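Structure first, commentary second.
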Amino acid sequence: MSCFGFPLAYIAWLYIVTLYKERAMTEPNTVNRHAAAIGHLVTGDYESAVSALEAVVSEEPARAAYYNDLAAAYLARGRAWDSREDFSRARTAAKRAISLDRELDEAYFNHALALDAMGQPREAEEAYR
């Protein structure tokens, strides 16, 4: 089924993202701001995602998952803007996530992606292991 040519699942997904963004404004707390930041990230608004996630990690600097999501946002923006600086920031954020939670596999993955994007394939391969 579709609505205006878009699959209904996609329409529902956009609706949920919009709700999270609105909730972050009406009930501003770290959890809601994080959810809204992820909404920005998955809809391609990388600048808003990075800005929001930077604020989230400054509010809760001990949450590895937040640093990992910030790394993902830097990677996405870096790809969109071809920004080596963002790849470096992604590497730093992923390393911080790893230092906070050595069991967070996604952080190792993002660290390797950042290294690869920075033109360090050997280091990236080691980071994947």
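Each chain of the structure tokens is named A, B, ... in the order shown, its residues numbered from 1; ligands are numbered from 1 in display order.
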Item to complete: Would you mind listing what lies within 9 Å of Ala94 (chain A) as a PyMOL selection string, with only C-alpha atoms counted and same-chain residues fewer than 2 positions away left out?
Response: chain A and resi 64+67-72+89-92+96-99+106-112+114
Practice prompt. Could you pull out the residues in chain A that DSSP calls alpha helix (DSSP H) from the backbone, as a count of residues only?
Written response: 102
Worksheet item: Which one of A:Arg77, A:Arg84, A:Lys95, A:Arg102 sits closest to Gln120 (chain A) if you count only C-alpha atoms?
Response: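 With only C-alpha atoms as the atom set, the closest residue is A:Arg84.
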Worksheet item: Between A:Glu22, A:Glu59, A:Glu125, A:Glu85, which is the closest to Gly39 (chain A) once you count only C-alpha atoms?
Response: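 Checking each of A:Glu22, A:Glu59, A:Glu125, A:Glu85 against Gly39 (chain A), counting only C-alpha atoms, the winner is A:Glu22.
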